[in-house]
Amino acid sequence: MKKVVLLFLLLAFIKTLTAQNTVFEEKRTIYKKEEAFGALIHTRGWGLTYRYGKYTSGFTRKIYDIDLVGMKHPKEIKTFTSAFDNSNGYVYGQLHSVIILRAGIGRHNTFISKQSVRGISISSILSGGFSLAYGKPVYLEVIKDPNTAVELEYETVRYDPNKHPQAYIIGKSSYFKGFFNGTYYPGIYAKYALSFESSRQADRINALEVGAILDLYVQKVEMMANDFNKRYFFNLYVSLTFGSKKTAKDIGKSK
């Protein structure tokens with residue numbers, strides 16, 4: 001946790017220092033809005049992201065964020081049953097596979113423009129909003145009766161740690177089995193990041209983003225059959241986004 005705090009202090013210091021020593025040049029084009037899509041990797045999974053922005057000045061815009069990400073438990077260990085050749089890997093003790101949908105608003109502030117750092121602009125991003133975690137129940141293939149003298153039979157059931165010891169488990173069933181029988185966990189999130197945009201075309205977005213996200217829920221998100229489940233997820237992330245910017249004239253043409 002100390003390393004995370006030091007990272008944020010360093011980012012804040014860099015932002016303040018560069019903002020004080022940067023002389024911005026006059027913008028040649030005034031943009032009205034932008035859109036960007038991308039993929040992200042975080043410390044407990046990966047996902048997709050979308051951002052829509054409205055310019056409030058040459059260097060600031062109001063943004064709308066949408067993220068869809070998977071979330072793994074730090075105690076997950078994939079296991080295979082060696083007694084069966086067709087065994088699918090599974091995580092022993094996993095009750096739910098978790099995916100998270102985030103939707104929020106925020107501010108995107110460019111404090112180093114492309115004109116001042118060899119074609120790279122650096123921005124800070126601060127956003128927050130609604131976070132909805134969905135716990136999809138895990139289904140496993142388990143042995144019906146291990147004491148039978150004939151060929152072993154198995155069935156696909158929802159995992160219950162009180163009924164399915166590890167010795168009875170063959171492997172994991174299809175991910176989509178019981179997809180709509182899960183549990184919803186409403187909550188909120190906050191995100192802070194630095195964005196490094198390097199597109200050679202002024203109206204295009206090609207950005208690398210590095211930051212952190214905190215998701216907080218009203219109750220513990222039940223992922224594993226133990227006491228390690230929490231009400232929050234804190235993750236560092238890296239994303240690549242691609243998109244475009246539009247002027248008032250471009251918007252008029254599209255109507």
# chains A, B, ... in the order shown; residues from 1 in each chain; ligands from 1
>>> closest_atom_pairs(of="range 154-225 of chain A", to="range 60-69 of chain A", cutoff="12 Å", atoms="only C-alpha atoms", output="tab-separated table")
residue	atom	partner	partner_atom	distance
A:Tyr189	CA	A:Asp67	CA	11.0
A:Ala190	CA	A:Asp65	CA	11.1
A:Lys191	CA	A:Asp65	CA	10.0
A:Ile213	CA	A:Asp67	CA	11.1
A:Asp215	CA	A:Val69	CA	11.8
>>> residues_around(residues="Ala207 in chain A", least_positions_apart="3", cutoff="12 Å", atoms="only C-alpha atoms", output="ChimeraX atom specification")
/A:36-40,119-123,193-200,204,210,238-244
>>> residues_around(residues="Val157 in chain A", least_positions_apart="6", cutoff="8 Å", atoms="only C-alpha atoms", output="JSON, numbers by chain")
{"A": [139, 140, 141, 142]}
>>> write_last_selection(atoms="C-alpha atoms", output="PDB file, in the first residue's frame")
ATOM      1  CA  TYR A 139     -20.617 -24.702 -12.479  1.00  0.00           C
ATOM      2  CA  LEU A 140     -18.468 -27.823 -12.229  1.00  0.00           C
ATOM      3  CA  GLU A 141     -18.534 -31.349 -13.554  1.00  0.00           C
ATOM      4  CA  VAL A 142     -18.541 -33.650 -10.525  1.00  0.00           C
TER       5      VAL A 142
END
>>> closest_residue(among="A:Arg102, A:Arg158, A:Lys144, A:Lys33", to="Tyr52 in chain A", atoms="only C-alpha atoms")
A:Lys33
>>> closest_residue(among="A:Tyr90, A:Tyr192, A:Phe228, A:Phe179", to="Gly128 in chain A", atoms="only C-alpha atoms")
A:Tyr192
